[in-house]
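Chemist: I am attaching a structure below and will ask some questions about it afterwards.
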Amino acid sequence: MTAVALRARRSLGTFARSDVAGPLAILALLVLVATLTTDRFMRIQNLRNLGLEMAIVAIIAIGSTLVILTAQIDLSPGSIVALTSMTTALLVTTSHVGIVLTFILMLLLGAGAGLVNGFFCSYGRIPSFIFTLATLSIYQGLAFYENGGTPIFGLTGLSEVFYGELAGIPYPFIYVVVLYAVAWAYLRYTRGGRRIYAVGGNESAARLVGIKVNRVRMKVFVIAGTLAAFGGLLMSAQLDSGSPGYGDGVELQAIAAAVIGGASLFGGQGSVIATLIGATIITVVQNVLNLHSVGTAWQNITTGIIIAIAVGIDMWRGEVGRIALARWGRLRPGRPGQEPPAADSAAGKEDRDRARAGV
Amino acid sequence: MNRDALWEAQEVTKTFPGVRALDRVGLRLRPGEVHALVGENGSGKSTLAKCLSGSYRPDAGVLLHRGRPVELRDPTRARELGVSIFYQELSLVPFMSVAENVCLGGLAGRGGIVSWRQVRREASKALERLGVSIELDRPVSELSIAEQQLVEIARAISNPDVSLLILDEPTAALGPDEVVHLHRVVRRFAQHAAVLYISHRLEEVLSVGDVVTVLRDGRVIGQRPASESSISEIARMMIGAELEEYFARSEKTDGGQPLLEVRDMRTPAIPAPVSFTVERGEVLGLGGLTGSGRTAIARAICGIDPLIGGELLLEGRPLRLRSPADAIAAGIALVPEDRKADALFYNLPPLQNISIARLDRVSHGLLLDLGSEARQAREVSRTLKLAPGAERRPVAFLSGGMQQKLVLGRWLFTDATLLVLDEPTLGIDVGTKRQIYAIIDELTGRGMGIVMVSSDYPELLSISDRVAVIREGRIVHTAARGGLTQSDLIELASSAEPRGTGR
């Protein structure tokens, strides 16, 4: 009995210290507020809509998380969504290409777009913020070019991809669960995943332990591009159309999901599960505001504030940790035999300066 | 006597985690006097300079300016009181012009509007005084290291109201003529201001200084008028007693088999061909001043810098290293000087820091076996005597010694046959140092070869089986253990080569 209680307490402690505890607590609070303020929130129909609404962003956010883990940023997914939705529409309507082939071609298109990003941001040494800002414009331009800027409506045979169900579960739910499970396993249980964390944690050290840093960086962009293309396909299926306007701003929501989930923009910190929670938080906030008939203006403002707070927590994490450590240290004074931490932060920097002193 | 000191430090103490960098240091800086400060690496010279320039705040003790205590909260406050410093690490803005960089501290002008004509005039005056001609409009990034250093010095002397000029290793990259010019400027400056001149080059110190203060382990060991002291006397003061039973290496068992042969190696940083051999079970120490080429040699062996001539043979087979990955695959591993910047992953737990270079050893096919990884890495951490709780703490909160053990452990985890250690015990406490020496000893006992770069002379002389002294990219002397004293080493590394600076 006590052993069970002890174990329960220990795993609770482990959980409280884990990366997802913070975002999950926020989500729980949100759900609580939502449930208490409107009885429409917890209805199955609403939760289902909520899930369908977030699926595309959530899928794209996997790619954004991988890119952010390597200390880079990808601003182009929204444009890749537009490009694939337009290309899909063209292929299906005017060229009468089959659905399966269209799917394969679109994923390749996304991978190619990601490859271009990845190549120039790694081997080409262009900062990813700048380069993907450029491709954001280029890919969207291509989407406009394809049909002279006119959306294409009335695709047939595609909507099953989005609206279909398996044993009562909508397909998008299944996509999200499967993709997140694969991404989680990839990061945790493969060498490639570990190397992503290594590159984001310390690029120089990664190089010196023999990791091919550029290859890792390129890979995450290819994955991000492919997932964005999948998002574009889903968008076309959902709306039976293609438009150069689709996906506008989706990259920012995906980045926000990762950051709210606790991914550090400095790289090396974050997990896809936390990102999924982050995406859920954004969608729940919007959903609740919708249910309360709050207008778009305030929805945008609220989302912005949440992002600002989340990024703030990321930036201030060091200080918060230091204060916590100082307090912890004071509470448990003078443990004999314990060496002083070479630590992080200002002290560590001074330490290094001192170490270099007199050279 | 006290009254005429322009700047004075009394009982200044500064402690860093695990190290007392300055221990009740007193120093009097008078106008009209060049005060030279010497000491080994880590003796506290630069820390003292940073206390005087407001970069560090002393934990105890006071700084006096014209006899009155002052608190230098930050560098700006120090600058207001007329402290001007030249740092050994260059702090120029690469894309700005020479003129802008020289005047960066206080751009001339009125009411927030910069007067560029005045800026250029001040800059050219400062450069003229140094006797150098560098185009004022060139961006600093296009200059050579020596020229950059001169621009940095020009900045330090550009303000005529300087009451204290601190020069921290100002001549590291300068040629003989430039050093002569600099010394002339320093002498002229000393007529109205106090000058603190920090250098490794003892003959230079004796030629430009009036008073020499020797620091060791953060304490003032002695002070002498420059005219009454000699290089050997100062060297003796710097090192204290000759080393006795520092660390006893065990006897080498299998000697003579060459592991790494370096033949006429040249790289962009080592223009003259360098040759040496590392035997199995041997520690080859590389000694010399910073910038002498020690680290450049280490980098080339580890595949970081490309070879432009000569060849490397590992166990008789020629090596072609295009990247660190190639070196690792060949069995050559680097423990870099700056652990935090170049070796540790703060975002990974300690055991994963150990396994990162050999993930294939803990994988089945594509997948990592986390259980087996933890087991195997823990085995390594046990051989290294990593404190039991340490493997669960974030790497950032481990002591420098523990961190270094992790990095060493990483290479034990691979099948490295040659280990390159760059300053292996920098910033590590004495107890852990001995443990690291014990690890080195054990590794060589297993037949591993080790190349060790170290500025810690007692360490270099007692851990290395052979020491090669590097100066200006060349091996100037090689000696077996016991064949060199610290004073020999200091003299070989720092002096000799006529530079035309002595009187």
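Going by the structure tokens order, chains are called A, B, ..., each with residues numbered from 1, while ligands are numbered from 1 in the order shown.
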For chain B, list the residues within 8 Å of chain A, counting only C-alpha atoms, and write the list as an MDAnalysis selection string.
Modeler: chainID B and resid 16:18 21 39:47 200 289:290 323:326 328 334 341:348 356:357 359:360 363 366:370 396:400 426:427
Chemist: Save the residues we just selected, C-alpha atoms, as a PDB file, in the first residue's frame?
Modeler:
```
ATOM      1  CA  PHE B  16      34.627  32.271  -8.874  1.00  0.00           C
ATOM      2  CA  PRO B  17      32.895  28.948  -8.319  1.00  0.00           C
ATOM      3  CA  GLY B  18      35.628  26.729  -6.945  1.00  0.00           C
ATOM      4  CA  ALA B  21      40.987  34.273  -8.632  1.00  0.00           C
ATOM      5  CA  GLY B  39      52.033  35.720 -13.884  1.00  0.00           C
ATOM      6  CA  GLU B  40      51.175  32.287 -15.185  1.00  0.00           C
ATOM      7  CA  ASN B  41      47.896  31.462 -16.854  1.00  0.00           C
ATOM      8  CA  GLY B  42      45.111  31.676 -14.324  1.00  0.00           C
ATOM      9  CA  SER B  43      47.215  33.664 -11.874  1.00  0.00           C
ATOM     10  CA  GLY B  44      44.595  36.412 -11.866  1.00  0.00           C
ATOM     11  CA  LYS B  45      46.114  39.078 -14.125  1.00  0.00           C
ATOM     12  CA  SER B  46      43.140  39.543 -16.376  1.00  0.00           C
ATOM     13  CA  THR B  47      40.704  39.267 -13.485  1.00  0.00           C
ATOM     14  CA  HIS B 200      53.617  37.011 -20.960  1.00  0.00           C
ATOM     15  CA  LEU B 289      52.149  30.328 -25.309  1.00  0.00           C
ATOM     16  CA  THR B 290      48.657  30.819 -26.613  1.00  0.00           C
ATOM     17  CA  SER B 323      36.142  16.514 -41.147  1.00  0.00           C
ATOM     18  CA  PRO B 324      36.054  15.679 -37.442  1.00  0.00           C
ATOM     19  CA  ALA B 325      33.794  12.776 -38.403  1.00  0.00           C
ATOM     20  CA  ASP B 326      36.672  11.251 -40.401  1.00  0.00           C
ATOM     21  CA  ILE B 328      36.509   9.991 -35.111  1.00  0.00           C
ATOM     22  CA  LEU B 334      39.256  15.606 -29.209  1.00  0.00           C
ATOM     23  CA  ALA B 341      30.974  25.781 -26.182  1.00  0.00           C
ATOM     24  CA  ASP B 342      32.459  22.785 -27.990  1.00  0.00           C
ATOM     25  CA  ALA B 343      31.742  19.587 -26.130  1.00  0.00           C
ATOM     26  CA  LEU B 344      28.730  19.467 -23.856  1.00  0.00           C
ATOM     27  CA  PHE B 345      25.076  19.140 -24.718  1.00  0.00           C
ATOM     28  CA  TYR B 346      23.311  20.904 -21.899  1.00  0.00           C
ATOM     29  CA  ASN B 347      19.971  19.766 -23.284  1.00  0.00           C
ATOM     30  CA  LEU B 348      20.814  16.077 -23.013  1.00  0.00           C
ATOM     31  CA  ILE B 356      26.368  10.575 -28.402  1.00  0.00           C
ATOM     32  CA  ALA B 357      29.514   9.830 -30.425  1.00  0.00           C
ATOM     33  CA  LEU B 359      24.981   5.801 -31.087  1.00  0.00           C
ATOM     34  CA  ASP B 360      25.411   2.779 -33.348  1.00  0.00           C
ATOM     35  CA  SER B 363      21.116   0.660 -31.508  1.00  0.00           C
ATOM     36  CA  LEU B 366      17.369   1.991 -36.783  1.00  0.00           C
ATOM     37  CA  LEU B 367      16.189   2.019 -33.214  1.00  0.00           C
ATOM     38  CA  LEU B 368      17.991   3.093 -30.078  1.00  0.00           C
ATOM     39  CA  ASP B 369      17.917   0.689 -27.165  1.00  0.00           C
ATOM     40  CA  LEU B 370      17.534   3.160 -24.320  1.00  0.00           C
ATOM     41  CA  ALA B 396      24.693  22.511 -16.558  1.00  0.00           C
ATOM     42  CA  PHE B 397      24.638  21.921 -12.829  1.00  0.00           C
ATOM     43  CA  LEU B 398      27.604  19.575 -12.727  1.00  0.00           C
ATOM     44  CA  SER B 399      30.970  20.905 -11.616  1.00  0.00           C
ATOM     45  CA  GLY B 400      33.645  21.580 -14.212  1.00  0.00           C
ATOM     46  CA  LEU B 426      41.188  24.164 -17.072  1.00  0.00           C
ATOM     47  CA  GLY B 427      38.967  25.511 -14.313  1.00  0.00           C
TER      48      GLY B 427
END
```
Chemist: Please give the complete set of residues from region 64-291 of chain A that DSSP, run on the backbone, assigns to strand (DSSP E), formatted as a ChimeraX atom specification.
Modeler: /A:152-153,165-166,169-170,241-242
Chemist: List as a JSON list (two decimals) with N, CA and C atoms, in the first residue's frame the protein and nucleic acid residues near region 309-312 of chain A, meaning an atom at most 9 Å away when only C-alpha atoms are counted, but skip any in the same chain fewer than 6 places from it.
Modeler:
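Contents of result.json, as written:
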```json
[["chain", "number", "residue", "atom", "x", "y", "z"],
["A", 256, "ALA", "N", 3.57, 28.90, -33.20],
["A", 256, "ALA", "CA", 3.00, 29.24, -31.89],
["A", 256, "ALA", "C", 2.69, 27.97, -31.10],
["A", 259, "VAL", "N", 5.89, 26.69, -29.65],
["A", 259, "VAL", "CA", 6.44, 27.55, -28.60],
["A", 259, "VAL", "C", 5.57, 27.49, -27.34],
["A", 260, "ILE", "N", 4.25, 27.50, -27.54],
["A", 260, "ILE", "CA", 3.38, 27.38, -26.38],
["A", 260, "ILE", "C", 3.61, 26.04, -25.69],
["A", 261, "GLY", "N", 3.91, 25.02, -26.48],
["A", 261, "GLY", "CA", 4.24, 23.72, -25.90],
["A", 261, "GLY", "C", 5.58, 23.71, -25.18],
["A", 262, "GLY", "N", 6.34, 24.79, -25.31],
["A", 262, "GLY", "CA", 7.58, 24.88, -24.55],
["A", 262, "GLY", "C", 8.85, 24.66, -25.37],
["A", 264, "SER", "N", 12.04, 25.57, -27.27],
["A", 264, "SER", "CA", 12.88, 26.76, -27.19],
["A", 264, "SER", "C", 13.33, 27.16, -28.58],
["A", 265, "LEU", "N", 13.18, 28.45, -28.90],
["A", 265, "LEU", "CA", 13.61, 28.91, -30.22],
["A", 265, "LEU", "C", 15.13, 28.89, -30.35]]
```
Chemist: Can you list, as a ChimeraX atom specification, all residues belonging to region 447-503 of chain B that DSSP tags as helix (DSSP H, G or I)?
Modeler: /B:457-463,486-494
Chemist: Quick one: write out the picked residues with C-alpha atoms as a compact mmCIF listing (two decimals), in the first residue's frame?
Modeler:
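This is the output file part-v8.txt:
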```txt
# COMPACT_ATOMS: atom_id res chain seq x y z
CA TYR B 457 53.29 23.94 -16.69
CA PRO B 458 53.53 21.65 -13.66
CA GLU B 459 50.82 19.51 -15.23
CA LEU B 460 52.51 19.51 -18.62
CA LEU B 461 55.89 18.56 -17.19
CA SER B 462 54.74 15.81 -14.87
CA ILE B 463 51.97 14.15 -16.89
CA GLN B 486 59.55 25.07 -15.52
CA SER B 487 61.97 27.93 -15.95
CA ASP B 488 63.45 26.23 -19.04
CA LEU B 489 59.96 25.82 -20.39
CA ILE B 490 58.97 29.43 -19.80
CA GLU B 491 62.16 30.69 -21.36
CA LEU B 492 61.91 28.38 -24.35
CA ALA B 493 58.27 29.24 -24.93
CA SER B 494 58.32 32.96 -24.41
```
Chemist: For Arg378 (chain B), find every residue with an atom within 9 Å (counting only C-alpha atoms), except residues of its own chain fewer than 6 positions away, and show them as a PyMOL selection string.
Modeler: chain B and resi 351+354+391
Chemist: Once you have the residues from the selection above, write them out as a short mmCIF file (atom, residue, chain, number, x, y, z; two decimals), in the first residue's frame, restricted to C-alpha atoms.
Modeler:
```
data_model
loop_
_atom_site.label_atom_id
_atom_site.label_comp_id
_atom_site.auth_asym_id
_atom_site.auth_seq_id
_atom_site.Cartn_x
_atom_site.Cartn_y
_atom_site.Cartn_z
CA LEU B 351 24.48 9.54 -19.87
CA ILE B 354 28.48 9.98 -23.04
CA GLU B 391 23.96 11.10 -13.86
#
```
Chemist: Record the distance separating CA of Leu63 (chain B) and CA of Ile239 (chain B), expressed in Å with one decimal.
Modeler: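 Calculated distance between CA of Leu63 (chain B) and CA of Ile239 (chain B) is 27.3 Å.
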Chemist: With only C-alpha atoms as the counted atoms, please give the residues lying no more than 7 Å from region 259-271 of chain B, apart from itself and same-chain residues fewer than 2 positions off, as an MDAnalysis selection string.
Modeler: chainID B and resid 257 273:280 293 296 305:315 449 473
